[in-house]
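With mmCIF, C-alpha atoms inside, this is final.cif:
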data_coords
loop_
_atom_site.label_atom_id
_atom_site.label_comp_id
_atom_site.auth_asym_id
_atom_site.auth_seq_id
_atom_site.Cartn_x
_atom_site.Cartn_y
_atom_site.Cartn_z
CA MET A 3 0.00 0.00 0.00
CA LYS A 4 1.43 3.36 -1.06
CA ALA A 5 -0.54 5.61 1.31
CA ASP A 6 1.23 7.38 4.19
CA LEU A 7 -0.51 6.14 7.35
CA THR A 8 0.55 9.17 9.37
CA LEU A 9 -1.85 11.28 7.26
CA LEU A 10 -4.89 9.24 8.36
CA GLN A 11 -7.94 11.25 9.41
CA LEU A 12 -11.08 9.54 10.76
CA ASN A 13 -14.46 11.08 9.93
CA ARG A 14 -16.98 8.59 11.29
CA ILE A 15 -17.03 5.31 13.21
CA ILE A 16 -19.67 2.71 13.96
CA VAL A 17 -19.27 -0.10 16.50
CA HIS A 18 -21.07 -3.45 16.35
CA GLU A 19 -21.19 -6.13 19.02
CA ILE A 20 -20.35 -9.62 17.70
CA PRO A 21 -21.71 -12.14 20.20
CA THR A 22 -20.46 -15.67 20.76
CA ARG A 23 -21.89 -18.17 18.28
CA LEU A 24 -23.53 -21.01 20.15
CA PRO A 25 -23.59 -24.60 18.82
CA GLY A 26 -26.59 -25.17 16.58
CA LYS A 27 -27.54 -21.47 16.46
CA ARG A 28 -28.26 -20.42 12.86
CA GLU A 29 -30.52 -17.40 13.42
CA PRO A 30 -29.43 -14.13 11.79
CA LEU A 31 -27.29 -11.76 13.79
CA GLU A 32 -29.52 -9.26 15.57
CA ASP A 33 -29.18 -6.01 17.52
CA LEU A 34 -26.56 -4.42 15.32
CA SER A 35 -25.96 -0.71 15.68
CA GLU A 36 -28.30 1.48 13.64
CA THR A 37 -26.21 4.64 13.45
CA ASP A 38 -22.72 6.04 13.92
CA SER A 39 -21.13 5.99 17.35
CA PRO A 40 -20.96 9.52 18.79
CA ALA A 41 -17.33 10.58 18.95
CA THR A 42 -15.44 13.51 20.43
CA ASP A 43 -12.32 14.93 18.81
CA ALA A 44 -10.25 13.37 21.60
CA GLN A 45 -11.71 9.92 20.92
CA MET A 46 -11.01 10.20 17.19
CA ILE A 47 -7.40 11.14 17.97
CA PHE A 48 -7.17 8.18 20.38
CA PHE A 49 -8.33 5.63 17.78
CA ARG A 50 -6.26 7.21 15.04
CA LYS A 51 -3.15 6.86 17.23
CA HIS A 52 -3.78 3.19 18.04
CA ILE A 53 -4.67 2.22 14.49
CA ILE A 54 -1.59 3.90 13.04
CA GLY A 55 0.62 2.39 15.76
CA SER A 56 -0.64 -1.13 15.19
CA LEU A 57 -0.44 -0.98 11.39
CA THR A 58 3.01 0.64 11.42
CA ALA A 59 4.62 -1.74 13.92
CA ARG A 60 3.02 -5.03 12.91
CA GLY A 61 1.32 -4.44 9.57
CA HIS A 62 1.50 -6.33 6.28
CA ASP A 63 0.35 -5.09 2.87
CA VAL A 64 -2.65 -6.95 1.42
CA VAL A 65 -4.91 -6.88 -1.63
CA ALA A 66 -8.38 -8.28 -2.32
CA ALA A 67 -8.23 -11.96 -3.24
CA PRO A 68 -9.52 -12.48 -6.81
CA ASP A 69 -11.48 -15.64 -5.93
CA THR A 70 -12.84 -14.65 -2.52
CA GLU A 71 -16.40 -15.41 -1.44
CA SER A 72 -16.25 -12.76 1.28
CA PRO A 73 -18.58 -9.78 0.75
CA VAL A 74 -16.11 -7.44 2.48
CA PRO A 75 -14.11 -6.37 -0.62
CA GLY A 76 -17.37 -5.42 -2.34
CA CYS A 77 -18.44 -3.36 0.66
CA LEU A 78 -15.05 -1.68 0.77
CA HIS A 79 -15.24 -0.87 -2.94
CA GLN A 80 -18.62 0.84 -2.50
CA CYS A 81 -17.34 2.92 0.40
CA LEU A 82 -14.14 3.89 -1.39
CA SER A 83 -15.39 4.55 -4.91
CA THR A 84 -18.62 6.50 -4.53
CA ASP A 85 -20.50 8.90 -2.25
CA ARG A 86 -23.72 7.07 -3.02
CA HIS A 87 -23.48 4.31 -0.44
CA ASP A 88 -25.15 3.44 2.85
CA PHE A 89 -22.24 3.29 5.28
CA VAL A 90 -24.28 1.89 8.16
CA ALA A 91 -25.83 -0.86 6.01
CA LEU A 92 -22.44 -1.84 4.58
CA SER A 93 -20.93 -2.00 8.06
CA CYS A 94 -23.79 -4.30 9.11
CA THR A 95 -22.99 -6.59 6.16
CA ILE A 96 -19.37 -6.72 7.26
CA ALA A 97 -20.36 -7.44 10.89
CA THR A 98 -22.81 -10.17 9.87
CA HIS A 99 -20.18 -11.87 7.70
CA LEU A 100 -17.73 -11.85 10.61
CA TRP A 101 -20.26 -13.52 12.90
CA GLU A 102 -21.36 -16.10 10.30
CA SER A 103 -17.85 -17.13 9.28
CA GLN A 104 -16.20 -17.43 12.68
CA ARG A 105 -16.00 -20.71 14.59
CA VAL A 106 -18.61 -21.77 17.11
CA SER A 107 -17.83 -20.61 20.67
CA THR A 108 -15.48 -17.86 19.49
CA ARG A 109 -15.47 -15.28 22.28
CA ALA A 110 -17.57 -12.16 21.88
CA ALA A 111 -15.94 -9.17 20.25
CA LEU A 112 -16.51 -5.61 19.10
CA LEU A 113 -16.17 -4.67 15.44
CA LEU A 114 -15.29 -1.08 14.62
CA VAL A 115 -15.79 0.15 11.06
CA GLY A 116 -14.70 3.67 10.17
CA GLU A 117 -14.52 5.99 7.18
CA GLY A 118 -11.82 8.57 6.75
CA SER A 119 -9.23 9.97 4.42
CA ILE A 120 -5.52 9.90 3.67
CA LYS A 121 -4.53 13.09 1.84
CA GLU A 122 -7.26 13.51 -0.78
CA GLY A 123 -8.23 9.86 -0.97
CA ARG A 124 -10.84 7.93 0.98
CA CYS A 125 -10.04 5.07 3.32
CA VAL A 126 -11.92 2.51 5.40
CA VAL A 127 -10.71 1.02 8.68
CA VAL A 128 -11.88 -2.28 10.15
CA VAL A 129 -10.90 -3.20 13.72
CA LYS A 130 -11.85 -6.31 15.70
CA LEU A 131 -11.30 -6.09 19.44
CA SER A 132 -11.85 -8.71 22.11
CA GLY A 133 -10.61 -9.51 25.60
CA GLN A 134 -9.55 -12.65 27.42
CA ASP A 135 -13.11 -13.13 28.68
CA GLY A 136 -14.85 -11.59 25.70
CA VAL A 137 -16.53 -8.19 25.78
CA SER A 138 -19.86 -6.66 26.64
CA ALA A 139 -21.07 -3.41 25.16
CA THR A 140 -23.26 -0.70 26.61
CA ARG A 141 -25.91 0.30 24.13
CA GLU A 142 -27.39 3.76 23.94
CA LYS A 143 -29.97 5.65 21.88
CA LEU A 144 -29.07 8.49 19.53
CA ASP A 145 -31.99 10.18 17.78
CA GLY A 146 -34.04 7.06 18.47
CA LYS A 147 -31.46 4.70 16.93
CA THR A 148 -29.35 2.13 18.76
CA THR A 149 -25.59 2.57 18.85
CA ILE A 150 -22.55 1.70 20.99
CA GLY A 151 -20.48 4.47 22.52
CA LEU A 152 -16.78 4.63 21.71
CA HIS A 153 -15.94 4.77 25.41
CA THR A 154 -16.66 1.01 25.55
CA VAL A 155 -13.95 0.32 22.97
CA GLN A 156 -11.60 2.91 24.45
CA ASN A 157 -11.85 1.41 27.95
CA LEU A 158 -11.13 -2.08 26.62
CA ILE A 159 -8.00 -0.92 24.80
CA LEU A 160 -6.74 0.89 27.89
CA SER A 161 -7.65 -1.62 30.59
CA ASP A 162 -7.41 -5.17 29.23
CA GLU A 163 -3.82 -6.37 28.94
CA HIS A 164 -5.10 -9.58 27.34
CA ARG A 165 -6.99 -7.78 24.58
CA VAL A 166 -6.79 -8.99 20.99
CA LEU A 167 -6.62 -6.24 18.42
CA LYS A 168 -6.87 -6.91 14.70
CA ALA A 169 -6.77 -3.82 12.52
CA ALA A 170 -6.99 -3.14 8.79
CA LEU A 171 -7.00 -0.03 6.63
CA PHE A 172 -7.98 0.04 2.96
CA VAL A 173 -7.67 2.51 0.10
CA GLN A 174 -8.61 2.39 -3.59
CA GLU A 175 -5.40 2.55 -5.65
CA ALA A 176 -6.96 1.54 -8.99
CA ASP A 177 -10.40 0.81 -10.46
CA GLY A 178 -12.41 -2.23 -9.42
CA LEU A 179 -11.95 -4.78 -6.66
CA ASP A 180 -8.44 -5.50 -7.95
CA GLY A 181 -7.53 -1.92 -7.12
CA ILE A 182 -8.22 -2.25 -3.39
CA ALA A 183 -5.02 -2.13 -1.35
CA GLY A 184 -4.69 -2.40 2.40
CA ARG A 185 -2.53 -2.88 5.43
CA ILE A 186 -3.43 -5.33 8.18
CA SER A 187 -2.09 -6.22 11.62
CA ASP A 188 -2.91 -8.79 14.28
CA ASN A 189 -1.60 -9.00 17.85
CA GLN A 190 -3.36 -12.35 18.44
CA ARG A 191 -0.13 -13.87 19.80
CA GLY A 192 1.14 -10.70 21.46
CA TYR A 193 2.91 -7.58 20.28
CA ARG A 194 5.52 -9.34 18.17
CA PRO A 195 6.17 -8.22 14.59
CA SER A 196 7.29 -11.77 13.78
CA GLU A 197 3.72 -13.05 13.87
CA GLU A 198 1.59 -13.05 10.76
CA VAL A 199 -2.07 -12.17 10.56
CA ALA A 200 -4.46 -14.97 11.51
CA ASP A 201 -5.60 -16.73 8.36
CA PHE A 202 -9.26 -16.50 9.37
CA PHE A 203 -9.19 -12.72 9.73
CA LEU A 204 -7.20 -12.18 6.54
CA ARG A 205 -8.79 -14.64 4.12
CA ARG A 206 -12.16 -15.86 5.33
CA PHE A 207 -13.36 -12.61 6.85
CA LEU A 208 -11.69 -9.81 4.88
CA GLY A 209 -11.26 -11.80 1.66
CA CYS A 210 -7.67 -10.65 1.18
CA VAL A 211 -4.23 -12.10 0.49
CA TYR A 212 -0.73 -10.78 1.10
CA ALA A 213 0.39 -8.32 -1.54
CA GLU A 214 4.13 -8.81 -1.67
CA ASP A 215 6.35 -11.68 -2.73
CA PRO A 216 8.27 -12.42 0.50
CA LYS A 217 11.33 -13.74 -1.36
CA ARG A 218 11.73 -10.53 -3.38
CA THR A 219 11.00 -8.21 -0.46
CA THR A 220 13.51 -10.00 1.77
CA GLU A 221 16.18 -10.00 -0.93
CA ARG A 222 15.69 -6.30 -1.65
CA PHE A 223 15.98 -5.25 2.01
CA TYR A 224 19.02 -7.48 2.60
CA SER A 225 20.83 -6.36 -0.56
CA THR A 226 20.10 -2.68 0.10
CA PHE A 227 21.37 -2.93 3.66
CA VAL A 228 24.57 -4.75 2.70
CA LYS A 229 25.25 -2.28 -0.09
CA PHE A 230 24.73 0.61 2.34
CA VAL A 231 27.18 -0.87 4.84
CA ASN A 232 29.83 -1.43 2.18
CA GLU A 233 29.42 2.00 0.58
CA SER A 234 28.61 4.28 3.50
CA ILE A 235 30.25 2.85 6.64
CA ASP A 236 34.01 3.49 6.83
CA ASP A 237 34.67 1.95 10.25
CA SER A 238 35.51 -1.72 9.64
CA SER A 239 34.42 -2.73 13.15
CA LYS A 240 30.99 -1.22 12.57
CA GLN A 241 30.85 -2.82 9.13
CA ALA A 242 31.40 -6.21 10.72
CA ASP A 243 28.86 -5.53 13.47
CA TYR A 244 26.19 -4.42 11.02
CA LEU A 245 26.71 -7.32 8.63
CA ILE A 246 26.61 -9.78 11.51
CA ALA A 247 23.39 -8.15 12.68
CA VAL A 248 21.59 -8.43 9.36
CA HIS A 249 22.75 -12.02 8.89
CA ALA A 250 21.52 -12.92 12.36
CA GLU A 251 18.19 -11.19 11.70
CA MET A 252 17.73 -13.13 8.47
CA LYS A 253 18.50 -16.46 10.15
CA ARG A 254 16.49 -15.78 13.29
CA ALA A 255 13.48 -18.04 13.85
CA SER A 256 10.82 -15.51 12.92
CA THR A 257 8.35 -15.21 10.09
CA SER A 258 8.83 -11.51 9.40
CA VAL A 259 11.21 -8.57 9.77
CA ASN A 260 10.45 -5.20 11.32
CA PRO A 261 13.09 -2.88 9.76
CA ALA A 262 12.48 -0.04 12.23
CA ALA A 263 13.02 -2.30 15.24
CA PHE A 264 16.07 -3.89 13.61
CA LEU A 265 17.71 -0.53 12.90
CA ASP A 266 17.00 0.83 16.38
CA ALA A 267 18.46 -2.27 18.00
CA HIS A 268 21.66 -2.59 15.98
CA LEU A 269 22.68 0.69 14.34
CA GLU A 270 24.00 3.88 15.83
CA GLU A 271 21.54 6.74 15.63
CA GLU A 272 23.36 8.64 12.90
CA ASP A 273 23.59 5.47 10.82
CA VAL A 274 19.87 4.80 11.27
CA LEU A 275 19.07 8.17 9.73
CA ALA A 276 21.63 7.63 6.97
CA PHE A 277 20.18 4.24 6.05
CA GLN A 278 16.64 5.58 6.06
CA GLU A 279 17.66 8.18 3.50
CA TYR A 280 19.62 5.59 1.52
CA ALA A 281 16.68 3.16 1.44
CA LYS A 282 14.31 5.95 0.40
CA ALA A 283 16.59 6.86 -2.50
CA GLN A 284 16.62 3.19 -3.54
CA GLY A 285 12.83 2.99 -3.38
CA VAL A 286 12.85 0.51 -0.48
CA ALA A 287 9.99 0.97 1.99
CA LEU A 288 11.05 0.27 5.59
CA ARG A 289 7.86 -1.47 6.69
CA SER A 290 7.40 -4.87 8.28
CA PHE A 291 7.49 -7.69 5.75
CA ARG A 292 7.13 -11.44 5.69
CA LYS A 293 10.53 -13.11 5.56
CA ASP A 294 11.69 -15.68 3.04
CA ILE A 295 15.48 -16.02 2.73
CA SER A 296 15.44 -18.36 -0.28
CA LEU A 297 17.17 -15.84 -2.55
CA VAL A 298 19.81 -14.70 -0.03
CA GLU A 299 20.52 -17.80 2.04
CA LYS A 300 23.70 -18.76 0.18
CA ARG A 301 25.04 -15.22 0.59
CA MET A 302 24.63 -15.32 4.37
CA THR A 303 26.78 -18.29 5.32
CA ARG A 304 30.02 -16.31 5.58
CA VAL A 305 31.38 -12.80 5.93
CA ALA A 306 34.35 -11.96 3.70
CA MET A 307 36.94 -9.36 4.72
CA THR A 308 39.40 -8.30 2.03
CA PHE A 309 42.52 -6.27 2.91
CA GLN A 310 44.73 -4.00 0.81
CA GLY A 311 47.67 -6.38 1.03
CA GLY A 312 45.65 -9.19 -0.52
CA THR A 313 44.65 -11.00 2.68
CA LEU A 314 41.17 -12.52 2.62
CA VAL A 315 39.37 -13.68 5.77
CA LEU A 316 36.21 -15.76 5.49
CA ALA A 317 34.24 -16.39 8.67
CA PRO A 318 30.88 -18.13 9.27
CA VAL A 319 27.94 -16.28 10.76
CA VAL A 320 25.85 -17.92 13.48
CA ALA A 321 22.42 -16.58 14.45
CA ALA A 322 21.53 -15.90 18.05
CA PRO A 323 18.96 -18.04 19.85
CA GLU A 324 15.47 -16.58 19.94
CA GLY A 325 15.05 -14.06 22.73
CA GLU A 326 18.76 -13.43 23.33
CA ASN A 327 20.87 -10.43 22.48
CA TYR A 328 22.88 -11.41 19.42
CA GLN A 329 25.62 -8.92 20.34
CA GLN A 330 26.43 -11.09 23.35
CA VAL A 331 26.38 -14.43 21.59
CA VAL A 332 27.01 -13.98 17.87
CA GLU A 333 30.30 -13.10 16.25
CA LEU A 334 32.13 -13.84 13.03
CA GLY A 335 33.18 -17.25 14.26
CA SER A 336 31.40 -19.86 16.38
CA ARG A 337 28.80 -18.88 18.92
CA THR A 338 29.95 -18.09 22.46
CA GLU A 339 28.53 -16.17 25.38
CA ILE A 340 31.87 -14.78 26.54
CA ASN A 341 34.46 -13.97 23.85
CA PRO A 342 34.18 -14.22 20.06
CA GLU A 343 36.57 -16.49 18.19
CA VAL A 344 36.99 -13.80 15.58
CA SER A 345 37.16 -10.15 16.55
CA VAL A 346 37.56 -7.04 14.45
CA GLU A 347 39.14 -3.85 15.79
CA GLN A 348 39.53 -0.47 14.12
CA LEU A 349 43.00 1.02 14.85
CA ASP A 350 43.72 4.72 15.28
CA ASP A 351 45.87 4.87 12.13
CA GLY A 352 43.02 3.65 9.90
CA ARG A 353 44.14 0.02 9.74
CA THR A 354 42.08 -2.90 10.97
CA ARG A 355 43.11 -5.72 13.27
CA VAL A 356 41.42 -9.11 12.94
CA GLN A 357 42.10 -11.51 15.81
CA ILE A 358 41.31 -15.21 15.56
CA GLU A 359 41.42 -17.54 18.54
CA ASP A 360 40.55 -21.07 17.47
CA LYS A 361 42.08 -24.46 16.78
CA LEU A 362 43.91 -24.48 13.42
CA LYS A 363 42.72 -27.41 11.30
CA GLN A 364 44.72 -27.02 8.09
CA ILE A 365 47.12 -24.82 6.09
CA LYS A 366 47.33 -25.07 2.28
CA ASN A 367 49.55 -23.44 -0.33
CA ARG A 368 47.61 -21.83 -3.15
#

Spell out the structure here as structure tokens.
Amino acid sequence: MKADLTLLQLNRIIVHEIPTRLPGKREPLEDLSETDSPATDAQMIFFRKHIIGSLTARGHDVVAAPDTESPVPGCLHQCLSTDRHDFVALSCTIATHLWESQRVSTRAALLLVGEGSIKEGRCVVVVKLSGQDGVSATREKLDGKTTIGLHTVQNLILSDEHRVLKAALFVQEADGLDGIAGRISDNQRGYRPSEEVADFFLRRFLGCVYAEDPKRTTERFYSTFVKFVNESIDDSSKQADYLIAVHAEMKRASTSVNPAAFLDAHLEEEDVLAFQEYAKAQGVALRSFRKDISLVEKRMTRVAMTFQGGTLVLAPVVAAPEGENYQQVVELGSRTEINPEVSVEQLDDGRTRVQIEDKLKQIKNR
């Protein structure tokens, strides 16, 4: 999705209660909201902040699936492409589809559907929120019509540490259903960017699929980062540290990469800013992406250091165990928690010292 999420403005929101489906219950979903939820400026700012935060930190780009049976893409297209649509009725269709397609005994939830804009273009947001013990909504009347106040949703976000928040934002980038583009996030398994969006929410409910090819996205980020290190970082010690970091990140047992978190964890502040500008110039978006190292795996087995005098040092890279700080356990040689087997030091006179402490297996003339 090309849209800049920071420019999101919300204009209207409606909240529906999605009750638990009981075994054998096939009756239509009843008691849906009949009008927009009343919202103060402060509440709109609150939801805007949380939606942007979730989609930025944990989001993945998606598009409408061409063969989907979900009515959601059609509803989105009506909202995004014309003023002549019934927003409340379309939101009820979306809510009903969520209830009908979810598993029996799924805990109760709230569904928030909103209309807004990004720059001059329209957008639609869809948020599903539930707690560890489900949710209950307080209904109220507005001009004789039933609705749910936003304070119910706001209180759940603020108070329930076990909440589940799934968020999606959609824009119309081209004509037709094929032109719908979106960004979607899911904290079902906690606030970890490595987790992908639950298949039910993405495919069965929203009728979407991932937009990017993970192999190409991974290769482009990796290649851009390595090229930046080689071209823009003069300190050989930092070069080694940064290359080790990106290799460890690629090999780490996770399903996706969060570039912002990676840069903050492993690069000095001035280098973070420099890489952001470098990536922008290369047309590389620094957003979370699904990881597939198929195209770069062979390039990550070793780090090569070439010296002016003709010396070449090749050293294997070992990824850190999940949950540990790679800077403490990963180096150019084998993994250790105390001292690296290969160390790189930048000397004051511009030269570099490489120190190897290991058992020598073989020497060959070449």

### Query
Which residues come within 9 Å of A:Lys293, counting all atoms listed in the file, excluding same-chain residues fewer than 3 positions away, as a ChimeraX atom specification?
/A:196,216-217,219-220,252,256-259

#### Entry: Selection under test: the PyMOL selection byres ((chain A and resi 248) around 9); residues as a list in words
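What the PyMOL selection byres ((chain A and resi 248) around 9) grabs from the file is Tyr224, Phe227, Val228, Asp243, Tyr244, Leu245, Ile246, Ala247, His249, Ala250, Glu251, Met252, Lys253, Phe264 and His268 of chain A.
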
Store the residues picked out above in a file with C-alpha atoms, as a short mmCIF file (atom, residue, chain, number, x, y, z; two decimals), in the frame of the given file.
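This went into result-v4.cif:
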data_model
loop_
_atom_site.label_atom_id
_atom_site.label_comp_id
_atom_site.auth_asym_id
_atom_site.auth_seq_id
_atom_site.Cartn_x
_atom_site.Cartn_y
_atom_site.Cartn_z
CA TYR A 224 19.02 -7.48 2.60
CA PHE A 227 21.37 -2.93 3.66
CA VAL A 228 24.57 -4.75 2.70
CA ASP A 243 28.86 -5.53 13.47
CA TYR A 244 26.19 -4.42 11.02
CA LEU A 245 26.71 -7.32 8.63
CA ILE A 246 26.61 -9.78 11.51
CA ALA A 247 23.39 -8.15 12.68
CA HIS A 249 22.75 -12.02 8.89
CA ALA A 250 21.52 -12.92 12.36
CA GLU A 251 18.19 -11.19 11.70
CA MET A 252 17.73 -13.13 8.47
CA LYS A 253 18.50 -16.46 10.15
CA PHE A 264 16.07 -3.89 13.61
CA HIS A 268 21.66 -2.59 15.98
#

### Query
A:Ile53, A:Ile182, A:Leu131, A:Ala41: which is nearest A:Ile15, counting only C-alpha atoms?
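The answer is A:Ala41, which sits nearest to A:Ile15.
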
### Task
On this file, the PyMOL selection byres ((chain A and resi 173) around 6) gives some set of residues; write that set as a PyMOL selection string.
chain A and resi 125+172+174+182-183

### Message
Which residues are close to A:His79, i.e. within 9 Å by all atoms listed in the file, leaving aside same-chain residues fewer than 2 positions away? Reply as a PyMOL selection string.
### Response
chain A and resi 74-77+81-84+173-174+178-179+181-182

### Task
Determine the residue membership of the PyMOL selection byres ((chain A and resi 114) around 10) for the file above and supply it as a PyMOL selection string.
chain A and resi 15-19+39+93+97+111-113+115-116+127-131+152+155+169

### Query
atom CA of A:Ile47 and atom CA of A:Ile159, how far apart in Å?
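Between atom CA of A:Ile159 and atom CA of A:Ile47 the gap is 13.9 Å.
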
### Message
Restricting the calculation to all atoms listed in the file: of A:Gln80, A:Ser119, A:Gln11, A:Thr148, which residue gets closest to A:Asp38?
### Response
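Among the listed residues, A:Thr148 lies closest to A:Asp38.
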
### Query
Hey, which of A:Glu36, A:Glu175, A:Asp351, A:Asp188 ends up closest to A:Leu144? Count all atoms listed in the file.
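Selected residue with least distance to A:Leu144: A:Glu36.
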
### Message
Measuring between all atoms listed in the file, which one of A:Ser238, A:Ser225, A:Asn157, A:Thr140 shows the shortest distance to A:Phe48?
### Response
A:Asn157

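Proximity to stretch 271-280 of chain A at 10 Å, evaluated using all atoms listed in the file and with sequence-adjacent residues fewer than 5 positions away removed, yields Thr226, Phe227, Lys229, Phe230, Val231, Ser234, Ile235, Pro261, Ala262, Phe264, Leu265, Asp266, Gly285, Val286, Ala287 and Leu288 of chain A.
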
### Task
Rank nothing, just name the residue among A:Ser239, A:Leu9, A:Ala91, A:Phe291 nearest to A:Gln357, using only C-alpha atoms.
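Checking each candidate against A:Gln357, we get A:Ser239 as the closest.
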
### Query
What does the distance between atom CA of A:His62 and atom CA of A:Cys94 come to in Å, to one decimal place?
25.5 Å

### Message
as a list of chain:residue names, please: the residues near A:Gln45 (cut-off 10 Å, only C-alpha atoms, same-chain neighbours under 6 positions excluded).
### Response
A:Lys51, A:Leu152, A:His153, A:Gln156

#### Entry: atom CA of A:Arg86 to atom CA of A:Ala176, straight-line distance in Å
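Between atom CA of A:Ala176 and atom CA of A:Arg86 the gap is 18.6 Å.
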
### Query
Pick the closest to A:Gln104 from A:Phe202, A:Gln310, A:Phe223, A:Leu269: which is it, counting all atoms listed in the file?
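For A:Gln104, the nearest of the given residues is A:Phe202.
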